[in-house]
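So this block is model23.txt, compact mmCIF, C-alpha atoms and all ligand atoms:
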# COMPACT_ATOMS: atom_id res chain seq x y z
CA MET A 30 38.08 -43.11 14.68
CA GLY A 31 34.43 -42.41 13.78
CA GLY A 32 33.48 -39.28 11.93
CA GLY A 33 29.73 -38.92 12.03
CA GLY A 34 29.49 -35.20 12.67
CA GLY A 35 30.94 -31.83 11.97
CA VAL A 36 34.31 -30.73 13.27
CA ALA A 37 34.41 -27.82 15.67
CA ALA A 38 36.69 -25.20 14.25
CA ALA A 39 37.26 -23.30 17.47
CA THR A 40 37.40 -24.30 21.11
CA THR A 41 33.91 -24.55 22.50
CA VAL A 42 33.47 -24.84 26.23
CA VAL A 43 29.96 -24.42 27.59
CA GLU A 44 28.57 -24.02 31.08
CA SER A 45 26.13 -26.79 31.83
CA ARG A 46 23.80 -27.13 34.79
CA GLU A 47 23.29 -30.69 36.02
CA TRP A 48 21.42 -32.51 38.79
CA TYR A 49 23.49 -34.84 40.97
CA LEU A 50 22.93 -37.09 43.94
CA ALA A 51 24.36 -35.30 46.99
CA ALA A 52 23.11 -37.77 49.64
CA ILE A 53 21.08 -40.97 49.73
CA ALA A 54 17.44 -40.71 50.81
CA PRO A 55 16.53 -44.03 52.49
CA GLU A 56 12.94 -42.98 53.30
CA ASN A 57 10.49 -40.06 53.26
CA LEU A 58 10.17 -37.56 50.46
CA PRO A 59 13.63 -36.59 49.12
CA THR A 60 14.66 -33.00 49.83
CA SER A 61 17.01 -30.49 48.26
CA ASP A 62 19.74 -31.99 50.50
CA HIS A 63 19.59 -35.18 48.43
CA LEU A 64 19.30 -33.89 44.86
CA LYS A 65 21.26 -30.77 43.98
CA LEU A 66 21.92 -28.61 40.96
CA ARG A 67 25.44 -27.46 40.07
CA THR A 68 27.15 -25.84 37.13
CA VAL A 69 30.06 -27.55 35.41
CA THR A 70 31.95 -26.81 32.22
CA VAL A 71 31.78 -29.20 29.29
CA SER A 72 34.15 -29.08 26.35
CA LEU A 73 32.35 -29.63 23.07
CA ASP A 74 35.66 -29.60 21.18
CA TYR A 75 35.70 -32.35 18.63
CA GLU A 76 39.14 -33.45 19.78
CA SER A 77 38.07 -33.79 23.41
CA ILE A 78 35.22 -36.21 22.62
CA PRO A 79 36.27 -39.86 22.99
CA ASP A 80 36.10 -42.04 19.87
CA GLU A 81 32.61 -43.41 19.12
CA GLN A 82 31.01 -40.95 21.55
CA MET A 83 29.07 -37.75 20.99
CA ALA A 84 28.08 -34.48 22.64
CA LEU A 85 24.38 -34.01 23.30
CA GLN A 86 22.27 -31.03 24.29
CA LEU A 87 19.30 -32.03 26.45
CA LEU A 88 15.95 -30.82 25.08
CA LEU A 89 13.29 -32.68 27.06
CA ILE A 90 13.51 -34.87 30.14
CA SER A 91 10.88 -37.26 31.47
CA VAL A 92 10.32 -37.12 35.24
CA ASP A 93 9.67 -40.64 36.54
CA PRO A 94 8.91 -42.28 39.89
CA TYR A 95 11.51 -45.06 39.42
CA LEU A 96 14.31 -42.57 40.20
CA ARG A 97 13.14 -42.84 43.82
CA SER A 98 14.38 -46.43 43.97
CA ARG A 99 17.82 -45.45 42.70
CA ILE A 100 18.63 -43.08 45.57
CA THR A 101 17.69 -45.14 48.66
CA GLY A 102 21.12 -46.63 49.38
CA ARG A 103 19.49 -50.07 49.46
CA ASN A 104 19.54 -53.00 47.10
CA ASP A 105 16.21 -54.54 48.10
CA ASP A 106 13.64 -53.19 45.68
CA LEU A 107 16.08 -52.03 43.05
CA TYR A 108 15.76 -52.93 39.44
CA LEU A 109 18.30 -50.42 38.26
CA ALA A 110 21.58 -49.88 40.05
CA GLN A 111 21.91 -47.39 42.89
CA LEU A 112 23.13 -44.05 41.54
CA PRO A 113 26.58 -43.04 42.82
CA ILE A 114 26.91 -40.12 45.20
CA ASN A 115 28.20 -36.90 43.62
CA LYS A 116 27.50 -38.15 40.08
CA VAL A 117 24.96 -36.70 37.68
CA ILE A 118 21.60 -38.49 37.78
CA THR A 119 19.96 -39.83 34.62
CA GLY A 120 16.49 -40.04 33.12
CA TYR A 121 14.66 -40.85 29.89
CA GLY A 122 15.29 -37.87 27.67
CA ILE A 123 15.46 -36.38 24.21
CA GLY A 124 18.41 -34.38 22.96
CA ARG A 125 20.19 -32.95 19.97
CA VAL A 126 23.57 -34.18 18.74
CA VAL A 127 25.91 -31.19 18.79
CA ARG A 128 29.16 -33.05 17.95
CA SER A 129 29.63 -36.65 16.94
CA LYS A 130 32.54 -39.02 16.72
CA ASN A 131 30.18 -41.88 15.97
CA ASN A 132 29.41 -42.76 12.37
CA ASN A 133 25.78 -43.59 13.18
CA PHE A 134 24.96 -40.11 14.48
CA SER A 135 25.40 -36.68 12.91
CA GLU A 136 25.26 -33.14 14.17
CA GLY A 137 21.62 -32.06 14.38
CA ASP A 138 20.16 -35.55 14.87
CA ILE A 139 17.42 -35.67 17.48
CA VAL A 140 17.83 -38.71 19.73
CA VAL A 141 16.14 -40.53 22.59
CA HIS A 142 18.41 -41.74 25.42
CA PRO A 143 16.94 -43.89 28.22
CA PHE A 144 19.78 -42.89 30.57
CA PHE A 145 20.23 -39.25 29.56
CA PRO A 146 22.35 -37.39 32.11
CA ILE A 147 20.06 -34.69 33.54
CA ALA A 148 22.46 -32.00 32.38
CA GLU A 149 22.18 -29.27 29.79
CA TYR A 150 25.11 -30.79 27.87
CA CYS A 151 26.84 -34.14 28.13
CA ILE A 152 29.37 -36.34 26.37
CA THR A 153 27.99 -39.85 26.06
CA PRO A 154 28.60 -43.23 24.45
CA SER A 155 25.96 -44.23 21.94
CA ASP A 156 24.72 -47.35 23.80
CA PHE A 157 20.90 -47.36 23.98
CA VAL A 158 20.69 -44.06 22.05
CA ARG A 159 18.07 -44.11 19.29
CA LYS A 160 17.48 -41.60 16.49
CA ILE A 161 14.07 -40.03 16.05
CA ASP A 162 12.69 -40.00 12.52
CA PRO A 163 12.20 -36.29 11.72
CA THR A 164 9.61 -37.14 9.05
CA ALA A 165 7.36 -39.13 11.43
CA ASP A 166 5.10 -36.16 12.24
CA ILE A 167 5.10 -36.95 15.97
CA SER A 168 5.69 -34.27 18.59
CA LEU A 169 8.79 -34.75 20.77
CA PRO A 170 6.86 -35.03 24.09
CA ASP A 171 4.90 -37.96 22.63
CA TYR A 172 8.15 -39.94 22.44
CA LEU A 173 8.39 -39.62 26.23
CA SER A 174 4.77 -40.51 26.93
CA CYS A 175 2.62 -42.41 24.44
CA LEU A 176 5.61 -43.89 22.60
CA GLY A 177 7.92 -43.96 25.64
CA VAL A 178 8.10 -45.73 28.98
CA PRO A 179 4.57 -44.87 30.24
CA GLY A 180 2.88 -45.96 27.01
CA PHE A 181 4.97 -49.11 26.79
CA THR A 182 4.34 -50.01 30.45
CA ALA A 183 0.59 -49.54 29.96
CA TRP A 184 0.71 -51.64 26.77
CA VAL A 185 2.60 -54.49 28.47
CA GLY A 186 0.27 -54.35 31.50
CA ILE A 187 -2.97 -54.33 29.52
CA LYS A 188 -2.23 -56.00 26.20
CA VAL A 189 0.44 -58.54 27.13
CA ILE A 190 -0.05 -59.51 30.78
CA GLY A 191 -3.65 -58.50 31.46
CA ASN A 192 -5.03 -59.33 28.00
CA PRO A 193 -8.70 -58.85 29.01
CA ASP A 194 -11.65 -60.15 27.00
CA PRO A 195 -14.15 -57.59 25.71
CA GLY A 196 -16.66 -56.76 28.42
CA SER A 197 -14.16 -57.40 31.27
CA ASN A 198 -14.30 -55.15 34.32
CA VAL A 199 -11.00 -53.33 34.56
CA PHE A 200 -9.69 -51.17 37.40
CA ILE A 201 -6.64 -48.89 37.14
CA SER A 202 -5.03 -46.89 39.97
CA ALA A 203 -3.01 -43.68 39.49
CA ALA A 204 -5.25 -43.58 36.44
CA ALA A 205 -4.46 -40.00 35.38
CA GLY A 206 -0.66 -40.50 35.52
CA GLY A 207 1.63 -41.39 32.64
CA VAL A 208 0.94 -45.12 32.76
CA GLY A 209 -2.68 -44.93 33.91
CA MET A 210 -3.97 -42.61 31.16
CA PHE A 211 -2.75 -44.98 28.43
CA ALA A 212 -3.75 -48.15 30.29
CA GLY A 213 -7.35 -46.98 30.53
CA GLN A 214 -7.52 -46.00 26.87
CA LEU A 215 -5.99 -49.32 25.79
CA ALA A 216 -8.49 -51.28 27.91
CA LYS A 217 -11.35 -49.28 26.36
CA LEU A 218 -10.02 -50.13 22.90
CA LYS A 219 -10.26 -53.80 23.93
CA GLY A 220 -13.96 -53.29 24.67
CA CYS A 221 -13.69 -53.35 28.48
CA ARG A 222 -15.58 -51.43 31.12
CA VAL A 223 -12.91 -49.29 32.80
CA VAL A 224 -12.85 -47.56 36.19
CA GLY A 225 -9.96 -45.47 37.50
CA SER A 226 -8.87 -44.02 40.82
CA THR A 227 -7.07 -40.72 41.10
CA GLY A 228 -6.36 -37.97 43.62
CA SER A 229 -8.59 -35.01 42.71
CA ASP A 230 -12.06 -34.22 41.42
CA GLU A 231 -10.55 -32.37 38.46
CA LYS A 232 -8.66 -35.51 37.47
CA VAL A 233 -11.79 -37.66 37.89
CA GLN A 234 -13.37 -35.44 35.24
CA VAL A 235 -10.34 -35.68 32.95
CA LEU A 236 -10.46 -39.48 33.16
CA LYS A 237 -14.06 -39.55 32.06
CA ASP A 238 -14.05 -36.66 29.57
CA GLU A 239 -10.66 -37.05 27.91
CA PHE A 240 -9.50 -40.65 28.43
CA GLY A 241 -12.87 -42.38 28.05
CA TYR A 242 -13.00 -44.03 31.48
CA ASP A 243 -16.54 -45.26 32.25
CA GLU A 244 -16.23 -44.28 35.90
CA ALA A 245 -13.62 -42.75 38.15
CA PHE A 246 -13.30 -41.76 41.80
CA ASN A 247 -11.16 -39.55 44.01
CA TYR A 248 -9.44 -41.85 46.52
CA HIS A 249 -8.69 -38.92 48.86
CA LYS A 250 -12.45 -38.40 49.29
CA GLU A 251 -13.65 -41.99 48.95
CA THR A 252 -11.51 -43.38 51.70
CA ASP A 253 -13.57 -46.54 52.26
CA PHE A 254 -12.03 -48.43 49.35
CA ASP A 255 -14.15 -51.53 49.94
CA ALA A 256 -17.34 -49.49 49.71
CA ILE A 257 -16.31 -47.64 46.56
CA LEU A 258 -15.18 -50.82 44.80
CA THR A 259 -18.51 -52.46 45.76
CA LYS A 260 -20.26 -49.49 44.16
CA TYR A 261 -18.29 -49.49 40.90
CA PHE A 262 -17.74 -53.24 40.56
CA PRO A 263 -21.04 -54.94 41.37
CA ASP A 264 -19.89 -57.81 39.13
CA GLY A 265 -16.34 -57.92 40.52
CA ILE A 266 -12.94 -57.03 39.04
CA ASP A 267 -11.42 -59.09 36.21
CA LEU A 268 -8.26 -57.05 35.74
CA TYR A 269 -6.50 -54.60 38.05
CA LEU A 270 -3.44 -52.71 36.79
CA ASP A 271 -1.74 -51.77 40.05
CA ASN A 272 0.33 -48.61 40.10
CA VAL A 273 0.02 -47.81 43.80
CA GLY A 274 0.05 -50.96 46.01
CA GLY A 275 -0.83 -50.55 49.72
CA LYS A 276 -4.43 -50.31 50.90
CA MET A 277 -5.85 -50.09 47.38
CA LEU A 278 -4.33 -53.43 46.39
CA GLU A 279 -5.63 -54.98 49.60
CA ALA A 280 -9.15 -53.68 48.90
CA VAL A 281 -9.03 -54.95 45.31
CA LEU A 282 -8.29 -58.47 46.55
CA ASN A 283 -11.73 -58.44 48.23
CA HIS A 284 -13.41 -57.80 44.87
CA VAL A 285 -11.59 -60.01 42.39
CA ASN A 286 -13.41 -62.51 40.19
CA LYS A 287 -12.28 -66.06 39.60
CA GLY A 288 -9.20 -66.03 37.37
CA ALA A 289 -8.65 -62.27 37.73
CA ARG A 290 -5.33 -60.84 36.66
CA ILE A 291 -3.31 -58.24 38.53
CA PRO A 292 -0.31 -56.95 36.59
CA ILE A 293 1.72 -54.90 39.07
CA SER A 294 3.54 -52.07 37.40
CA GLY A 295 4.54 -50.30 40.60
CA MET A 296 3.49 -49.37 44.13
CA ILE A 297 4.04 -45.63 44.37
CA SER A 298 2.23 -45.33 47.72
CA GLN A 299 5.10 -47.29 49.30
CA TYR A 300 8.17 -45.71 47.67
CA ASN A 301 8.97 -43.22 50.41
CA THR A 302 8.48 -45.72 53.22
CA ASN A 303 11.15 -47.77 54.90
CA PRO A 304 10.69 -51.42 53.75
CA ALA A 305 10.13 -52.58 57.35
CA GLU A 306 7.14 -50.23 57.64
CA ARG A 307 5.50 -50.83 54.28
CA GLU A 308 1.87 -51.94 54.13
CA GLY A 309 1.28 -55.66 53.75
CA LEU A 310 -1.75 -57.60 52.49
CA LYS A 311 -3.86 -59.33 55.14
CA ASN A 312 -6.08 -60.99 52.53
CA LEU A 313 -3.46 -62.38 50.18
CA LEU A 314 -5.09 -65.79 50.65
CA ASN A 315 -7.91 -64.57 48.39
CA ILE A 316 -5.70 -65.15 45.38
CA VAL A 317 -5.69 -68.91 46.01
CA GLY A 318 -9.42 -69.67 46.03
CA LYS A 319 -10.03 -67.19 43.20
CA GLU A 320 -7.01 -68.44 41.26
CA VAL A 321 -5.83 -64.88 40.72
CA LYS A 322 -2.67 -64.27 38.77
CA MET A 323 -0.62 -61.41 40.25
CA GLU A 324 2.46 -60.52 38.28
CA GLY A 325 5.04 -57.84 38.88
CA PHE A 326 6.70 -56.72 35.66
CA LEU A 327 9.30 -54.37 34.24
CA CYS A 328 8.71 -52.90 30.82
CA GLY A 329 12.45 -53.29 30.15
CA SER A 330 12.00 -57.07 30.11
CA PHE A 331 9.66 -56.79 27.11
CA LEU A 332 11.93 -54.80 24.80
CA ASN A 333 11.68 -57.54 22.17
CA ARG A 334 8.10 -56.29 21.68
CA PHE A 335 8.92 -52.57 21.58
CA GLY A 336 8.69 -52.45 17.76
CA GLU A 337 5.22 -54.01 17.75
CA PHE A 338 4.17 -51.62 20.53
CA SER A 339 5.40 -48.47 18.78
CA GLN A 340 3.72 -49.40 15.52
CA GLN A 341 0.38 -49.99 17.24
CA MET A 342 0.54 -46.93 19.48
CA GLU A 343 1.62 -44.64 16.66
CA LYS A 344 -1.33 -45.85 14.61
CA TYR A 345 -3.77 -45.41 17.52
CA MET A 346 -2.39 -41.93 18.13
CA LYS A 347 -2.66 -40.86 14.51
CA GLU A 348 -6.22 -42.24 14.34
CA GLY A 349 -7.09 -40.23 17.48
CA LYS A 350 -7.84 -43.42 19.44
CA ILE A 351 -5.19 -42.73 22.08
CA LYS A 352 -4.79 -39.22 23.43
CA PRO A 353 -1.70 -38.20 25.40
CA LYS A 354 -1.73 -35.45 28.01
CA HIS A 355 1.44 -33.78 29.24
CA LYS A 356 2.39 -31.41 32.00
CA ILE A 357 5.41 -29.62 30.54
CA ASP A 358 7.44 -27.41 32.87
CA GLN A 359 10.29 -25.17 31.74
CA GLY A 360 13.98 -25.18 32.67
CA ILE A 361 16.34 -27.79 34.11
CA GLU A 362 16.16 -26.00 37.47
CA SER A 363 12.56 -27.21 37.87
CA PHE A 364 13.57 -30.89 37.93
CA PHE A 365 13.58 -31.36 41.71
CA GLU A 366 10.21 -29.77 42.39
CA ASN A 367 8.68 -31.78 39.55
CA PHE A 368 10.24 -35.01 40.82
CA VAL A 369 8.83 -34.64 44.34
CA SER A 370 5.45 -33.60 42.90
CA LEU A 371 5.08 -37.13 41.48
CA PHE A 372 4.37 -38.27 45.04
CA SER A 373 1.41 -35.93 45.37
CA SER A 374 -1.78 -35.70 43.34
CA SER A 375 -0.93 -32.39 41.70
CA ASN A 376 -0.14 -33.47 38.12
CA VAL A 377 -2.33 -34.59 35.26
CA GLY A 378 -0.69 -36.76 32.61
CA LYS A 379 2.98 -37.28 31.92
CA VAL A 380 5.40 -34.89 33.64
CA ILE A 381 8.09 -33.56 31.30
CA ILE A 382 10.60 -30.72 31.52
CA GLN A 383 11.57 -28.65 28.51
CA VAL A 384 15.26 -27.85 29.00
CA ALA A 385 15.96 -26.30 25.60
CA SER A 386 14.26 -26.11 22.22
P1 LIG B 401 3.27 -40.51 37.20
O1 LIG B 401 2.77 -40.11 35.88
O2 LIG B 401 4.35 -39.75 37.82
O3 LIG B 401 2.05 -40.56 38.17
C1 LIG B 401 2.24 -40.82 39.50
C2 LIG B 401 0.90 -40.62 40.16
O4 LIG B 401 0.81 -41.52 41.27
C3 LIG B 401 0.71 -39.26 40.77
O5 LIG B 401 0.33 -38.29 39.83
C4 LIG B 401 -0.39 -39.53 41.80
O6 LIG B 401 -1.65 -39.40 41.16
C5 LIG B 401 -0.15 -41.01 42.16
N1 LIG B 401 0.36 -41.10 43.52
C6 LIG B 401 1.42 -40.45 44.06
N2 LIG B 401 1.57 -40.80 45.36
C7 LIG B 401 0.57 -41.67 45.64
C8 LIG B 401 0.17 -42.36 46.82
N3 LIG B 401 0.83 -42.22 47.98
N4 LIG B 401 -0.91 -43.16 46.77
C9 LIG B 401 -1.59 -43.33 45.60
N5 LIG B 401 -1.27 -42.69 44.46
C10 LIG B 401 -0.21 -41.87 44.48
O7 LIG B 401 3.78 -42.02 37.23
P2 LIG B 401 3.71 -43.15 36.15
O8 LIG B 401 4.86 -43.01 35.25
O9 LIG B 401 2.33 -43.21 35.62
O10 LIG B 401 3.96 -44.42 37.08
C11 LIG B 401 2.87 -45.08 37.71
C12 LIG B 401 3.41 -46.34 38.37
O11 LIG B 401 3.99 -47.17 37.39
C13 LIG B 401 4.48 -46.07 39.40
O12 LIG B 401 4.31 -46.99 40.46
C14 LIG B 401 5.76 -46.36 38.65
O13 LIG B 401 6.80 -46.73 39.50
C15 LIG B 401 5.31 -47.51 37.77
N6 LIG B 401 6.08 -47.72 36.55
C16 LIG B 401 6.52 -48.98 36.34
C17 LIG B 401 7.21 -49.29 35.21
C18 LIG B 401 7.64 -50.72 35.01
O14 LIG B 401 8.36 -51.01 34.08
N7 LIG B 401 7.18 -51.61 35.85
C19 LIG B 401 7.49 -48.30 34.26
C20 LIG B 401 7.00 -47.00 34.48
C21 LIG B 401 6.29 -46.72 35.65
P3 LIG B 401 -3.04 -39.44 41.98
O15 LIG B 401 -2.71 -39.44 43.44
O16 LIG B 401 -3.77 -38.23 41.57
O17 LIG B 401 -3.69 -40.71 41.51
Could you quickly redo this structure as structure tokens?
Amino acid sequence: MGGGGGVAAATTVVESREWYLAAIAPENLPTSDHLKLRTVTVSLDYESIPDEQMALQLLLISVDPYLRSRITGRNDDLYLAQLPINKVITGYGIGRVVRSKNNNFSEGDIVVHPFFPIAEYCITPSDFVRKIDPTADISLPDYLSCLGVPGFTAWVGIKVIGNPDPGSNVFISAAAGGVGMFAGQLAKLKGCRVVGSTGSDEKVQVLKDEFGYDEAFNYHKETDFDAILTKYFPDGIDLYLDNVGGKMLEAVLNHVNKGARIPISGMISQYNTNPAEREGLKNLLNIVGKEVKMEGFLCGSFLNRFGEFSQQMEKYMKEGKIKPKHKIDQGIESFFENFVSLFSSSNVGKVIIQVAS
């Protein structure tokens, strides 16, 4: 038996609210019929925790678009398994160890868990759980943005797959979201000219004023994508980090330079659409003559480079070269409304929920 933490003297049973999958949502925006909140009881008694496991209290949870693909009931575009009906859903979160039967974790440790049950309290094995260094002088939300999945995805897309030369013309969609804000800043650090698309005038300003984008446009207003890309890319596009797919990707293919690279991180414009009705690309042939390299990728396949990434990003952050922006909402009950808001243009930066402090 492990013995990493303190032993509860008295019986401790807590009420814990948790989000669970009530019904699959094959298409359209999920509703409150699909994701529901319920209250369960969790025993934090030392004796009731299985060996090697621990009890965690959720502090912060990241709200991410990929959850959409885990509740469709399909296995086509999945990269993580379908979530089971009636079971608690999971996300990338930060929590506090409240009891531990694992020698590597002690009561009071603050940990990151990539599959944190979205529940106020949980009992969990320690697989994938990582301790946060309390002396690192990094705020907890930064571990979910700059040093978490969005930052890592941006780093893989720009530094590893895109790898643009200084002076390259770079385009980034969903540029004010979690991935986009870091992708643009990383491309600027590589000496590129960077243009972003986003869904409001306020966010266009944020891209230019706070994230250092050279130009940005509101794709809800500039609906002729060919015309706007002609305006902002008179010399063509060398690198496009695609976060949205659909019509924007099709328009980009009319503006690519010879040897352009298109790392595809995601296609959020298509996530709520039945696969049979998703938008296709009429001009895919352009990638042949222009010898364009399009590459879909998952940040999880680059975990062997996570250490290198965190060192670099932490340094950039501490030098003020990379600036994170968060939208932090309060209370586990706000999870559903924040999740569906990802499919609108209402957020700036990384969406996070503070569940406890
Ligand atoms: P995020 O912070 O939640 O931002 C999502 C943004 O997408 C929204 O704020 C919205 O901004 C935009 N959007 C929503 N619906 C749209 C639509 N119909 N058309 C165009 N834009 C739309 O998300 P994120 O974490 O940055 O993720 C961005 C992309 O990266 C997603 O496709 C996600 O699935 C993908 N991703 C991939 C990996 C990987 O490993 N491959 C990891 C993380 C994320 P505006 O409308 O204002 O632009």
For this session: Please write out the residues within 8 Å of ligand LIG 401 (chain B) as a ChimeraX atom specification, counting only C-alpha atoms and all ligand atoms.
Result: /A:92-95,178-179,181-182,202-210,226-229,232,247-248,271-275,293-299,325-329,370-380
Seminar exercise, completed: His355 (chain A) proximity check over A:Thr259, A:Asn303, A:Gln214, A:Ser91, using all atoms listed in the file: winner is A:Ser91
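Between CA of Glu239 (chain A) and CA of Tyr261 (chain A) there is a distance of 19.5 Å.
Between CA of Glu76 (chain A) and CA of Ile139 (chain A) the interatomic distance comes to 22.0 Å.
With CA of Gln340 (chain A) on one side and CA of Asn192 (chain A) on the other, the separation reads 18.2 Å.
Among the candidates A:Arg46, A:Lys311, A:Lys188, A:Arg222, the one nearest to Phe331 (chain A) when counting only C-alpha atoms is A:Lys188.
Counting only C-alpha atoms, the residue from A:Asp255, A:Leu89, A:Ile118, A:Lys276 that sits nearest to Pro170 (chain A) is A:Leu89.
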Problem set entry | Near-region 140-142 of chain A list (9 Å; all atoms listed in the file; drop same-chain fewer than 4 positions) as an MDAnalysis selection string | chainID A and resid 85 120:126 134 146 155:162 172:173
For this session: Show me as JSON, numbers by chain the residues that reach within 9 Å of (16.4, -42.5, 43.7), counting only C-alpha atoms and using the file's own coordinates.
Result: {"A": [50, 53, 54, 55, 59, 94, 95, 96, 97, 98, 99, 100, 101, 102, 111, 112, 118]}
With C-alpha atoms retained, write the just-selected residues as a PDB file, keeping the file's coordinate frame.
ATOM      1  CA  LEU A  50      22.930 -37.090  43.940  1.00  0.00           C
ATOM      2  CA  ILE A  53      21.080 -40.970  49.730  1.00  0.00           C
ATOM      3  CA  ALA A  54      17.440 -40.710  50.810  1.00  0.00           C
ATOM      4  CA  PRO A  55      16.530 -44.030  52.490  1.00  0.00           C
ATOM      5  CA  PRO A  59      13.630 -36.590  49.120  1.00  0.00           C
ATOM      6  CA  PRO A  94       8.910 -42.280  39.890  1.00  0.00           C
ATOM      7  CA  TYR A  95      11.510 -45.060  39.420  1.00  0.00           C
ATOM      8  CA  LEU A  96      14.310 -42.570  40.200  1.00  0.00           C
ATOM      9  CA  ARG A  97      13.140 -42.840  43.820  1.00  0.00           C
ATOM     10  CA  SER A  98      14.380 -46.430  43.970  1.00  0.00           C
ATOM     11  CA  ARG A  99      17.820 -45.450  42.700  1.00  0.00           C
ATOM     12  CA  ILE A 100      18.630 -43.080  45.570  1.00  0.00           C
ATOM     13  CA  THR A 101      17.690 -45.140  48.660  1.00  0.00           C
ATOM     14  CA  GLY A 102      21.120 -46.630  49.380  1.00  0.00           C
ATOM     15  CA  GLN A 111      21.910 -47.390  42.890  1.00  0.00           C
ATOM     16  CA  LEU A 112      23.130 -44.050  41.540  1.00  0.00           C
ATOM     17  CA  ILE A 118      21.600 -38.490  37.780  1.00  0.00           C
TER      18      ILE A 118
END
Hey, can I get the axis-aligned box for region 165-182 of chain A? All listed atoms, 3 Å padding on each side, centre and edge lengths in Å to one decimal, as JSON.
{"center_x": 5.7, "center_y": -42.1, "center_z": 20.9, "size_x": 12.2, "size_y": 21.7, "size_z": 25.0}
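Take the candidates A:Phe335, A:Phe240, A:Tyr150, A:Phe262 and check each one against Ala84 (chain A) using only C-alpha atoms; the shortest distance goes to A:Tyr150.
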For this session: Find the spatial neighbours of Glu136 (chain A), counting all atoms listed in the file, within a cut-off of 6 Å - ignore same-chain residues fewer than 2 positions away - and output them as a PyMOL selection string.
Result: chain A and resi 34+126-128+138
For this session: Choose the residue, out of A:Cys175, A:Val69, A:Ala289, A:Ala280, that has the smallest atom-to-atom separation from Ile190 (chain A); count all atoms listed in the file.
Result: A:Ala289
Exercise. Out of A:Leu88, A:Leu313, A:Cys221, A:Leu64, which residue has the shortest atom-to-atom distance to Ile381 (chain A) when counting all atoms listed in the file?
Worked result: A:Leu88
Problem set entry | Selection near Ser61 (chain A), 10 Å with all atoms listed in the file, sequence-local residues under 2 positions removed, as a ChimeraX atom specification | /A:50-52,59,63-66,365-366,369
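Counting all atoms listed in the file, Ser77 (chain A) has the following residues at most 12 Å away, ignoring those fewer than 4 positions along the same chain: Val36, Ala37, Thr40, Thr41, Val42, Val71, Ser72, Leu73, Glu81, Gln82, Met83, Ala84, Arg128, Ser129, Lys130 and Ile152 of chain A.
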With only C-alpha atoms counted, which protein, DNA or RNA residues have an atom no more than 9 Å from (-6.8, -47.5, 29.0) in the file frame? Please answer as a short mmCIF file (atom, residue, chain, number, x, y, z; two decimals) with C-alpha atoms, in the coordinates of the input.
data_model
loop_
_atom_site.label_atom_id
_atom_site.label_comp_id
_atom_site.auth_asym_id
_atom_site.auth_seq_id
_atom_site.Cartn_x
_atom_site.Cartn_y
_atom_site.Cartn_z
CA ALA A 183 0.59 -49.54 29.96
CA TRP A 184 0.71 -51.64 26.77
CA ILE A 187 -2.97 -54.33 29.52
CA ILE A 201 -6.64 -48.89 37.14
CA ALA A 204 -5.25 -43.58 36.44
CA VAL A 208 0.94 -45.12 32.76
CA GLY A 209 -2.68 -44.93 33.91
CA MET A 210 -3.97 -42.61 31.16
CA PHE A 211 -2.75 -44.98 28.43
CA ALA A 212 -3.75 -48.15 30.29
CA GLY A 213 -7.35 -46.98 30.53
CA GLN A 214 -7.52 -46.00 26.87
CA LEU A 215 -5.99 -49.32 25.79
CA ALA A 216 -8.49 -51.28 27.91
CA LYS A 217 -11.35 -49.28 26.36
CA LEU A 218 -10.02 -50.13 22.90
CA LYS A 219 -10.26 -53.80 23.93
CA VAL A 223 -12.91 -49.29 32.80
CA PHE A 240 -9.50 -40.65 28.43
CA GLY A 241 -12.87 -42.38 28.05
CA TYR A 242 -13.00 -44.03 31.48
CA ILE A 351 -5.19 -42.73 22.08
#
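For Ala385 (chain A), the non-local neighbours within 9 Å, defined as residues at least 2 positions apart in the same chain or in other chains and counting only C-alpha atoms, are Gln86, Leu87, Leu88, Leu89, Gly124, Glu149, Gln359, Gly360, Ile361 and Gln383 of chain A.
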